[in-house]
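> Coordinates in upload-v5.csv, CSV, C-alpha atoms and all ligand atoms, are listed below.
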```csv
chain,number,residue,atom,x,y,z
A,134,ALA,CA,-11.1,10.6,-24.9
A,135,ALA,CA,-10.8,14.0,-26.5
A,136,LEU,CA,-13.7,15.1,-24.3
A,137,ALA,CA,-11.9,14.2,-21.1
A,138,GLN,CA,-10.1,16.9,-19.2
A,139,PRO,CA,-6.4,17.1,-20.1
A,140,GLY,CA,-5.1,15.2,-17.1
A,141,ILE,CA,-7.3,12.2,-17.9
A,142,ARG,CA,-6.5,12.1,-21.6
A,143,GLY,CA,-3.0,10.6,-21.1
A,144,LEU,CA,-4.1,7.9,-18.6
A,145,ARG,CA,-4.8,4.3,-19.2
A,146,ALA,CA,-7.3,2.1,-17.4
A,147,TYR,CA,-6.0,-0.3,-14.7
A,148,ASP,CA,-4.7,-3.4,-16.4
A,149,PRO,CA,-5.0,-6.4,-14.1
A,150,GLY,CA,-2.6,-8.3,-16.4
A,151,LEU,CA,-3.5,-11.9,-15.8
A,152,ASP,CA,-7.1,-13.2,-15.7
A,153,LEU,CA,-6.9,-14.5,-12.1
A,154,VAL,CA,-10.5,-15.7,-12.2
A,155,ALA,CA,-9.7,-18.0,-15.1
A,156,LEU,CA,-6.4,-19.1,-13.6
A,157,ARG,CA,-8.1,-20.1,-10.3
A,158,ARG,CA,-10.7,-22.1,-12.2
A,159,ALA,CA,-8.0,-23.8,-14.2
A,160,ALA,CA,-5.7,-24.5,-11.2
A,161,GLY,CA,-5.4,-28.1,-10.1
A,162,ALA,CA,-6.1,-29.7,-6.7
A,163,GLY,CA,-3.4,-27.7,-4.9
A,164,GLY,CA,-4.9,-24.4,-6.0
A,165,LEU,CA,-3.2,-21.4,-7.3
A,166,VAL,CA,-0.4,-19.8,-5.3
A,167,GLU,CA,-1.3,-16.1,-5.5
A,168,LEU,CA,1.7,-14.0,-4.7
A,169,GLY,CA,0.9,-11.0,-7.0
A,170,SER,CA,-1.1,-8.6,-4.8
A,171,ASN,CA,0.5,-8.5,-1.3
A,172,GLU,CA,-2.6,-10.0,0.2
A,173,ASN,CA,-2.5,-11.9,3.5
A,174,GLY,CA,-3.3,-15.5,3.0
A,175,LEU,CA,-3.7,-16.1,6.7
A,176,GLY,CA,-7.1,-14.4,6.4
A,177,PRO,CA,-8.8,-12.0,8.7
A,178,SER,CA,-9.6,-12.3,12.4
A,179,PRO,CA,-12.5,-14.7,13.2
A,180,ALA,CA,-14.1,-11.7,15.0
A,181,ALA,CA,-14.2,-9.8,11.7
A,182,ARG,CA,-15.9,-12.8,10.0
A,183,ALA,CA,-18.5,-13.0,12.7
A,184,ALA,CA,-19.1,-9.2,12.5
A,185,LEU,CA,-19.5,-9.5,8.7
A,186,ILE,CA,-22.1,-12.3,9.0
A,187,ALA,CA,-24.0,-10.3,11.6
A,188,CYS,CA,-24.5,-7.6,8.8
A,189,LEU,CA,-26.4,-10.0,6.5
A,190,ASP,CA,-29.8,-8.9,7.9
A,191,SER,CA,-29.2,-5.2,7.3
A,192,LEU,CA,-27.9,-5.2,3.7
A,193,HIS,CA,-30.9,-3.2,2.6
A,194,ARG,CA,-29.8,-0.3,4.9
A,195,TYR,CA,-27.3,2.4,3.9
A,196,PRO,CA,-24.2,2.2,6.1
A,197,ASP,CA,-23.5,4.8,8.8
A,198,PRO,CA,-22.3,7.8,6.6
A,199,LEU,CA,-20.1,9.0,9.4
A,200,GLY,CA,-18.5,5.6,10.2
A,201,GLY,CA,-18.7,6.7,13.8
A,202,ASP,CA,-18.1,3.4,15.5
A,203,LEU,CA,-15.0,2.5,13.4
A,204,LYS,CA,-13.6,6.0,13.7
A,205,ARG,CA,-14.0,5.9,17.5
A,206,ALA,CA,-12.3,2.5,17.6
A,207,LEU,CA,-9.4,3.9,15.5
A,208,ALA,CA,-9.1,7.0,17.6
A,209,ALA,CA,-8.8,4.8,20.7
A,210,HIS,CA,-6.3,2.5,18.9
A,211,HIS,CA,-4.0,5.3,17.9
A,212,GLY,CA,-4.6,7.6,20.9
A,213,LEU,CA,-5.7,10.5,18.7
A,214,GLY,CA,-8.9,12.6,18.5
A,215,VAL,CA,-11.7,11.2,16.4
A,216,GLU,CA,-11.8,14.4,14.3
A,217,ARG,CA,-8.4,13.4,12.9
A,218,PHE,CA,-9.8,10.4,11.0
A,219,LEU,CA,-11.2,10.1,7.5
A,220,LEU,CA,-12.4,6.7,6.2
A,221,GLY,CA,-12.0,5.6,2.6
A,222,ASN,CA,-13.0,2.9,0.1
A,223,GLY,CA,-9.6,1.5,0.5
A,224,SER,CA,-6.7,3.9,1.1
A,225,HIS,CA,-6.5,4.1,-2.7
A,226,GLU,CA,-9.6,6.3,-2.6
A,227,LEU,CA,-8.0,8.6,0.0
A,228,LEU,CA,-4.8,8.9,-2.0
A,229,MET,CA,-6.9,10.0,-5.0
A,230,MET,CA,-9.0,12.4,-3.0
A,231,LEU,CA,-5.9,14.1,-1.6
A,232,ALA,CA,-4.7,15.2,-5.0
A,233,GLN,CA,-8.3,16.1,-6.0
A,234,VAL,CA,-8.6,18.4,-3.0
A,235,PHE,CA,-5.1,19.8,-2.7
A,236,ALA,CA,-3.5,19.7,-6.2
A,237,GLY,CA,-4.8,20.6,-9.6
A,238,PRO,CA,-3.7,22.4,-12.8
A,239,GLY,CA,-0.7,24.6,-12.4
A,240,LEU,CA,0.3,22.8,-9.1
A,241,GLU,CA,2.8,20.1,-8.6
A,242,VAL,CA,2.7,16.7,-7.0
A,243,LEU,CA,6.0,15.2,-5.9
A,244,ALA,CA,6.7,11.5,-5.6
A,245,SER,CA,9.7,9.2,-5.9
A,246,ARG,CA,10.6,7.0,-8.9
A,247,TYR,CA,9.5,3.5,-7.8
A,248,GLY,CA,7.0,5.0,-5.4
A,249,PHE,CA,3.6,3.4,-5.4
A,250,ALA,CA,1.9,3.8,-8.8
A,251,VAL,CA,-1.3,5.4,-7.5
A,252,TYR,CA,0.5,8.6,-6.6
A,253,ALA,CA,1.2,9.4,-10.3
A,254,LEU,CA,-2.3,8.4,-11.2
A,255,ALA,CA,-3.8,10.7,-8.5
A,256,ALA,CA,-1.6,13.6,-9.6
A,257,GLN,CA,-2.5,13.2,-13.3
A,258,ALA,CA,-6.2,12.6,-12.7
A,259,ALA,CA,-6.3,15.9,-10.7
A,260,GLY,CA,-4.7,17.7,-13.6
A,261,ALA,CA,-1.6,18.5,-11.6
A,262,THR,CA,2.0,18.2,-12.8
A,263,LEU,CA,3.8,15.1,-11.5
A,264,ARG,CA,7.4,15.5,-10.6
A,265,LEU,CA,9.6,12.5,-9.7
A,266,ALA,CA,12.6,12.6,-7.5
A,267,GLU,CA,15.3,10.1,-8.1
A,268,PRO,CA,15.5,7.2,-5.6
A,269,ASN,CA,18.5,5.8,-3.7
A,270,PRO,CA,21.1,4.6,-6.1
A,271,ALA,CA,22.1,0.9,-6.5
A,272,GLY,CA,24.5,-0.1,-3.8
A,273,HIS,CA,22.6,1.9,-1.2
A,274,ALA,CA,21.4,-0.1,1.8
A,275,MET,CA,17.9,0.6,0.5
A,276,PRO,CA,18.3,0.4,-3.2
A,277,ARG,CA,15.6,2.2,-5.2
A,278,GLY,CA,14.0,3.4,-1.9
A,279,HIS,CA,13.0,7.0,-1.2
A,280,ASP,CA,15.9,9.5,-1.2
A,281,LEU,CA,14.5,12.0,1.3
A,282,VAL,CA,17.3,14.5,0.5
A,283,ALA,CA,16.4,14.4,-3.2
A,284,LEU,CA,12.7,14.7,-2.4
A,285,ALA,CA,13.2,17.7,-0.2
A,286,ALA,CA,15.4,19.3,-2.8
A,287,ALA,CA,12.7,18.8,-5.5
A,288,VAL,CA,10.1,20.7,-3.6
A,289,GLY,CA,9.4,23.9,-5.5
A,290,PRO,CA,7.0,26.9,-5.2
A,291,ALA,CA,4.2,25.1,-7.0
A,292,THR,CA,4.5,21.9,-5.0
A,293,ARG,CA,1.4,21.1,-2.9
A,294,LEU,CA,1.7,17.4,-2.2
A,295,VAL,CA,4.5,14.9,-1.6
A,296,TYR,CA,3.6,11.2,-1.6
A,297,LEU,CA,5.8,8.7,0.0
A,298,ALA,CA,5.3,5.2,1.3
A,299,ASN,CA,7.0,3.8,4.4
A,300,PRO,CA,7.7,1.0,3.8
A,301,ASN,CA,7.4,1.4,0.1
A,302,ASN,CA,5.7,-0.7,-2.5
A,303,PRO,CA,7.1,-2.1,-4.8
A,304,THR,CA,10.6,-1.9,-3.3
A,305,GLY,CA,9.8,-3.0,0.2
A,306,THR,CA,12.4,-0.5,1.4
A,307,TRP,CA,11.9,1.9,4.3
A,308,PHE,CA,13.5,4.8,6.3
A,309,PRO,CA,13.6,5.4,10.0
A,310,THR,CA,11.0,7.6,11.6
A,311,ALA,CA,13.7,10.0,12.7
A,312,ASP,CA,14.6,10.6,9.1
A,313,LEU,CA,11.0,11.5,8.4
A,314,ALA,CA,11.0,14.0,11.3
A,315,ALA,CA,14.1,15.6,9.8
A,316,PHE,CA,12.5,15.7,6.4
A,317,LEU,CA,9.3,17.3,7.7
A,318,ALA,CA,11.4,20.0,9.4
A,319,ARG,CA,12.7,21.0,5.9
A,320,ILE,CA,9.4,21.0,4.1
A,321,PRO,CA,7.4,24.3,3.9
A,322,ALA,CA,4.2,24.3,5.9
A,323,ASP,CA,2.0,24.7,2.8
A,324,VAL,CA,3.2,21.5,1.3
A,325,LEU,CA,1.3,18.4,2.4
A,326,VAL,CA,3.4,15.3,3.1
A,327,VAL,CA,1.4,12.1,2.7
A,328,VAL,CA,3.0,9.1,4.4
A,329,ASP,CA,1.4,5.9,3.1
A,330,GLU,CA,1.7,3.3,5.8
A,331,ALA,CA,-0.2,0.5,4.0
A,332,TYR,CA,2.4,-2.1,5.3
A,333,LEU,CA,3.3,-0.5,8.6
A,334,GLU,CA,1.8,-3.4,10.6
A,335,TYR,CA,4.4,-5.7,9.1
A,336,VAL,CA,7.4,-3.7,10.3
A,337,THR,CA,9.8,-5.3,12.7
A,338,ASP,CA,12.6,-2.7,12.6
A,339,PRO,CA,12.3,-0.8,15.9
A,340,TYR,CA,13.6,2.4,14.2
A,341,LEU,CA,10.4,2.6,12.1
A,342,VAL,CA,7.2,3.4,14.0
A,343,SER,CA,4.1,5.1,12.6
A,344,ALA,CA,4.4,8.7,11.5
A,345,ALA,CA,1.1,9.3,13.4
A,346,GLY,CA,3.2,10.3,16.4
A,347,LEU,CA,4.4,13.3,14.5
A,348,LEU,CA,0.9,14.6,13.6
A,349,ASP,CA,0.7,16.9,16.6
A,350,ARG,CA,3.9,18.8,15.6
A,351,HIS,CA,3.1,18.8,11.8
A,352,PRO,CA,-0.3,20.1,10.6
A,353,ASN,CA,0.9,19.4,7.0
A,354,LEU,CA,1.4,15.7,7.7
A,355,VAL,CA,-1.1,13.1,6.4
A,356,VAL,CA,-0.8,9.4,7.3
A,357,THR,CA,-2.7,6.8,5.4
A,358,ARG,CA,-3.4,3.2,6.5
A,359,THR,CA,-5.4,0.2,5.2
A,360,PHE,CA,-7.3,-2.9,6.3
A,361,SER,CA,-6.3,-4.6,3.1
A,362,LYS,CA,-2.9,-5.9,4.1
A,363,ALA,CA,-2.1,-7.2,7.6
A,364,TYR,CA,-5.7,-7.2,8.6
A,365,ALA,CA,-6.5,-9.3,5.5
A,366,LEU,CA,-9.7,-7.5,4.5
A,367,ALA,CA,-8.7,-6.4,1.0
A,368,GLY,CA,-12.0,-7.6,-0.3
A,369,LEU,CA,-14.0,-5.1,1.8
A,370,ARG,CA,-12.1,-2.0,0.7
A,371,VAL,CA,-11.5,0.0,3.8
A,372,GLY,CA,-8.7,2.4,4.5
A,373,TYR,CA,-8.3,5.5,6.6
A,374,LEU,CA,-6.2,8.6,7.0
A,375,MET,CA,-5.0,10.6,10.0
A,376,ALA,CA,-4.4,14.3,9.7
A,377,ALA,CA,-5.1,17.7,11.2
A,378,PRO,CA,-8.8,18.1,11.9
A,379,GLY,CA,-9.1,21.1,9.5
A,380,LEU,CA,-7.7,19.0,6.7
A,381,VAL,CA,-10.1,16.2,7.4
A,382,ALA,CA,-13.0,18.6,7.4
A,383,VAL,CA,-12.2,20.0,4.0
A,384,MET,CA,-11.8,16.5,2.5
A,385,GLU,CA,-15.2,15.6,4.0
A,386,ARG,CA,-16.7,18.1,1.5
A,387,VAL,CA,-15.9,15.8,-1.5
A,388,ARG,CA,-16.2,12.4,0.2
A,389,GLU,CA,-19.0,10.3,-1.2
A,390,SER,CA,-21.5,10.0,1.7
A,391,PHE,CA,-21.5,6.2,1.8
A,392,ASN,CA,-18.0,5.5,0.6
A,393,VAL,CA,-17.4,2.7,3.1
A,394,ASN,CA,-19.9,-0.1,3.1
A,395,GLY,CA,-21.6,-1.4,6.2
A,396,PRO,CA,-20.1,-4.9,6.4
A,397,GLY,CA,-16.7,-3.2,5.9
A,398,LEU,CA,-17.2,-0.8,8.8
A,399,ALA,CA,-18.3,-3.6,11.2
A,400,ALA,CA,-15.7,-6.1,10.2
A,401,CYS,CA,-12.8,-3.6,10.4
A,402,GLU,CA,-13.9,-2.5,13.9
A,403,ALA,CA,-13.9,-6.1,15.0
A,404,ALA,CA,-10.5,-6.8,13.3
A,405,LEU,CA,-9.0,-3.8,15.1
A,406,GLY,CA,-10.1,-5.4,18.4
A,407,ASP,CA,-8.3,-8.7,17.8
A,408,ALA,CA,-4.7,-7.8,18.7
A,409,PRO,CA,-3.6,-11.5,19.1
A,410,HIS,CA,-4.6,-12.2,15.5
A,411,LEU,CA,-2.6,-9.3,14.2
A,412,ALA,CA,0.4,-10.4,16.4
A,413,ARG,CA,0.2,-13.8,14.8
A,414,VAL,CA,0.1,-12.4,11.3
A,415,ARG,CA,3.1,-10.2,12.1
A,416,ARG,CA,5.1,-13.1,13.6
A,417,GLU,CA,4.4,-15.5,10.8
A,418,ASN,CA,5.1,-13.0,8.1
A,419,ALA,CA,8.4,-11.9,9.7
A,420,GLY,CA,9.6,-15.5,9.9
A,421,GLU,CA,8.5,-16.5,6.4
A,422,ARG,CA,9.9,-13.2,5.0
A,423,GLU,CA,13.3,-13.9,6.4
A,424,ALA,CA,13.3,-17.5,5.3
A,425,LEU,CA,12.1,-16.7,1.8
A,426,ALA,CA,14.7,-13.9,1.4
A,427,ASP,CA,17.4,-16.3,2.5
A,428,ALA,CA,16.2,-19.0,0.1
A,429,LEU,CA,16.2,-16.6,-2.8
A,430,GLN,CA,19.6,-15.2,-2.0
A,431,ALA,CA,20.9,-18.7,-1.7
A,432,ARG,CA,19.9,-19.0,-5.4
A,433,GLU,CA,22.1,-15.9,-6.1
A,434,LEU,CA,19.1,-13.7,-6.7
A,435,ALA,CA,19.2,-10.0,-5.7
A,436,VAL,CA,16.5,-9.4,-3.0
A,437,ALA,CA,15.8,-5.9,-1.8
A,438,PRO,CA,15.6,-5.5,2.0
A,439,SER,CA,11.9,-5.5,3.0
A,440,GLN,CA,9.8,-4.6,6.1
A,441,THR,CA,6.6,-5.6,4.3
A,442,ASN,CA,4.9,-8.8,3.3
A,443,PHE,CA,6.6,-9.0,-0.1
A,444,LEU,CA,10.0,-9.1,-1.7
A,445,LEU,CA,11.3,-7.3,-4.8
A,446,VAL,CA,13.6,-9.8,-6.6
A,447,ASP,CA,15.9,-8.7,-9.4
A,448,PHE,CA,16.7,-11.5,-11.9
A,449,GLY,CA,19.3,-9.5,-13.7
A,450,ARG,CA,17.6,-10.2,-17.0
A,451,GLU,CA,14.2,-9.7,-18.5
A,452,ALA,CA,11.8,-11.3,-16.0
A,453,GLY,CA,8.9,-12.0,-18.4
A,454,PRO,CA,10.0,-15.6,-19.1
A,455,VAL,CA,10.4,-16.3,-15.4
A,456,GLU,CA,6.9,-14.9,-14.7
A,457,ALA,CA,5.4,-17.0,-17.5
A,458,GLY,CA,7.2,-20.1,-16.2
A,459,LEU,CA,5.9,-19.5,-12.7
A,460,VAL,CA,2.3,-18.9,-13.9
A,461,ALA,CA,2.5,-22.1,-15.9
A,462,ARG,CA,3.3,-23.9,-12.6
A,463,GLY,CA,0.4,-22.3,-10.7
A,464,VAL,CA,2.4,-19.6,-9.0
A,465,VAL,CA,1.4,-15.9,-9.7
A,466,PRO,CA,4.1,-13.2,-9.1
A,467,ARG,CA,3.7,-9.5,-10.0
A,468,PRO,CA,5.6,-8.3,-13.0
A,469,MET,CA,7.3,-4.9,-12.6
A,470,GLY,CA,7.5,-3.6,-16.2
A,471,GLY,CA,5.0,-0.9,-15.4
A,472,TYR,CA,7.5,0.5,-12.9
A,473,GLY,CA,10.3,0.4,-15.4
A,474,LEU,CA,11.8,-2.6,-13.5
A,475,ALA,CA,11.5,-5.3,-16.3
A,476,THR,CA,14.2,-7.5,-14.7
A,477,CYS,CA,12.3,-7.7,-11.4
A,478,LEU,CA,9.3,-9.6,-10.0
A,479,ARG,CA,7.5,-8.8,-6.8
A,480,LEU,CA,6.6,-11.8,-4.7
A,481,THR,CA,4.2,-11.7,-1.8
A,482,VAL,CA,5.5,-13.6,1.2
A,483,GLY,CA,3.1,-16.6,1.4
A,484,SER,CA,2.6,-19.4,3.9
A,485,ARG,CA,5.4,-21.9,4.4
A,486,ASP,CA,3.7,-24.2,2.0
A,487,GLU,CA,3.1,-21.5,-0.6
A,488,ASN,CA,6.7,-20.4,-0.4
A,489,ARG,CA,7.9,-24.0,-0.8
A,490,ARG,CA,5.8,-24.3,-4.0
A,491,LEU,CA,7.2,-20.9,-5.2
A,492,LEU,CA,10.8,-22.0,-4.7
A,493,GLN,CA,10.2,-25.4,-6.3
A,494,ALA,CA,8.6,-23.7,-9.4
A,495,LEU,CA,11.4,-21.2,-9.5
A,496,ASP,CA,14.0,-23.9,-9.4
A,497,GLU,CA,12.4,-25.6,-12.4
A,498,VAL,CA,12.1,-22.3,-14.3
A,499,LEU,CA,15.7,-21.2,-13.6
A,500,ALA,CA,17.2,-24.7,-14.2
B,1,LIG,N1,-0.6,2.0,-0.7
B,1,LIG,C1,0.3,1.1,-1.0
B,1,LIG,C2,1.7,1.3,-0.8
B,1,LIG,C3,-0.2,-0.1,-1.5
B,1,LIG,O1,0.7,-1.1,-1.8
B,1,LIG,C4,-1.6,-0.3,-1.7
B,1,LIG,C5,-2.2,-1.6,-2.2
B,1,LIG,N2,-1.4,-2.3,-3.1
B,1,LIG,C6,-2.4,0.7,-1.4
B,1,LIG,C7,-1.9,1.9,-0.8
B,1,LIG,C8,-3.9,0.7,-1.6
B,1,LIG,O2,-4.5,-0.3,-0.8
B,1,LIG,P1,-6.1,-0.2,-0.5
B,1,LIG,O3,-6.7,0.7,-1.4
B,1,LIG,O4,-6.5,-1.7,-0.6
B,1,LIG,O5,-6.2,0.3,0.9
```
Rewrite the coordinates I just gave you, this time as structure tokens.


Amino acid sequence: AALAQPGIRGLRAYDPGLDLVALRRAAGAGGLVELGSNENGLGPSPAARAALIACLDSLHRYPDPLGGDLKRALAAHHGLGVERFLLGNGSHELLMMLAQVFAGPGLEVLASRYGFAVYALAAQAAGATLRLAEPNPAGHAMPRGHDLVALAAAVGPATRLVYLANPNNPTGTWFPTADLAAFLARIPADVLVVVDEAYLEYVTDPYLVSAAGLLDRHPNLVVTRTFSKAYALAGLRVGYLMAAPGLVAVMERVRESFNVNGPGLAACEAALGDAPHLARVRRENAGEREALADALQARELAVAPSQTNFLLVDFGREAGPVEAGLVARGVVPRPMGGYGLATCLRLTVGSRDENRRLLQALDEVLA
């Protein structure tokens, strides 16, 4: 480790926590209820599956290094020029690349406490200084969510990047698009504002729409999206960002030529074309999200408001034993100790049957 550059020395490798592969193998007939990674158990569009299968005869070929077909489909989908799009091996890769390209030693990256963990990792791996703004206080309508006023106040002369997620993971909280517009008006033009919209497809609040509509007015705005969540293609690792063409062009200089695999390109293009499937995913998630939040609140648990496919639940005491009890009953939540939220668990909204099994296990554990 002493040989690593200073930013890397303090980092730890990703710890998946539980051995999911072993747990799946050990799970009984009902299978494991996996609610730890905000995946979409409804699965991808059948069109995406068909497109993937059609790739099987060309696995010996390198994929299109430009991802042209998918980018053109995305450009049409968002009503933006194709030169505004950059594809990534998941949006995670793009979040890392942003810090690599625009931050570095002597420069600052700003995020919010309880922002998505990759922001801190990206800043540190780039050798930049990470600065955290305090989140909304307890009692706020969006507890632990991004405090845009605090974030704007924390921008200093060395700040180059601000990462925020809307809605945010792990809190599930969000802010209206109008608040983002006001925030952007207060941020200097040489500070990039990265709005991570990994869960945007799940949003039902009409006051929150994609920040992509603000790109024309703000050349320092970057919007990231993913096919891992509502499109249910996490296994293929495809994400994208939308930004000013000049910003995309400079990031292209460090992009690995074949960073997005061929089956991923084809399946995502097909998934994008299946609007009815996405509509079904959104509808089912919204219904189950509300029902699950109600059921948890009926058990006197503190549930943060959410516009995503997960809920952050505060047990008011160390949640480790609750997690262990759930896992012992074949239900996998996500512990939040890594975020400094040891009394919380994050629970993906599952199918009606999965949520029933979750609540049954929870009732046993909390009895
Ligand atoms: N942003 C947020 C807020 C996330 O929750 C996730 C996945 N957990 C990602 C980005 C990364 O997703 P992916 O790399 O699969 O696109």

> What residues have any atom no more than 6 Å from ligand LIG 1 (chain B) when counting only C-alpha atoms and all ligand atoms, and can you list them as a list of chain:residue names?

A:Gly223, A:Ser224, A:His225, A:Phe249, A:Ala298, A:Asn301, A:Asn302, A:Asp329, A:Ala331, A:Thr359, A:Ser361, A:Ala367, A:Arg370, A:Gly372

> Quick one: residues within 10 Å of Val336 in chain A, all atoms listed in the file, excluding same-chain residues fewer than 4 positions away - as a list in words?

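Once the adjacent positions are removed, what remains is Asn299, Pro300, Trp307, Tyr332, Tyr340, Leu341, Val342, Ser343, Arg415, Asn418, Ala419, Ser439, Gln440, Thr441 and Asn442 of chain A.
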
> Let's have the selection written as a short mmCIF file (atom, residue, chain, number, x, y, z; two decimals), in the frame of the given file, with C-alpha atoms.


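The file below, result_7.cif, is the result:
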```cif
data_model
loop_
_atom_site.label_atom_id
_atom_site.label_comp_id
_atom_site.auth_asym_id
_atom_site.auth_seq_id
_atom_site.Cartn_x
_atom_site.Cartn_y
_atom_site.Cartn_z
CA ASN A 299 7.00 3.80 4.40
CA PRO A 300 7.70 1.00 3.80
CA TRP A 307 11.90 1.90 4.30
CA TYR A 332 2.40 -2.10 5.30
CA TYR A 340 13.60 2.40 14.20
CA LEU A 341 10.40 2.60 12.10
CA VAL A 342 7.20 3.40 14.00
CA SER A 343 4.10 5.10 12.60
CA ARG A 415 3.10 -10.20 12.10
CA ASN A 418 5.10 -13.00 8.10
CA ALA A 419 8.40 -11.90 9.70
CA SER A 439 11.90 -5.50 3.00
CA GLN A 440 9.80 -4.60 6.10
CA THR A 441 6.60 -5.60 4.30
CA ASN A 442 4.90 -8.80 3.30
#
```

> Just the residues within 8 Å of Ala399 in chain A, please, counting all atoms listed in the file, with nothing from its chain fewer than 4 positions along; format it as a list in words.

Ala181, Ala184, Leu185, Cys188, Leu203, Gly395 and Ala403 of chain A

> Quick one: residues within 6 Å of Val446 in chain A, all atoms listed in the file, excluding same-chain residues fewer than 3 positions away - as a PyMOL selection string?

chain A and resi 435-436+477-478

> Which one of A:Ala286, A:Leu499, A:Leu265, A:Met229 sits closest to Arg388 in chain A if you count only C-alpha atoms?

A:Met229

> Would you mind telling me which residue in A:Leu199, A:Ala400, A:Leu445, A:Val371 lies nearest to Gly305 in chain A when using only C-alpha atoms?

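The closest residue to Gly305 in chain A is A:Leu445.
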
> Using all atoms listed in the file, which residue out of A:Thr337, A:Thr476, A:Asn353, A:Asn488 lies closest to Leu380 in chain A?

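Among the listed residues, A:Asn353 lies closest to Leu380 in chain A.
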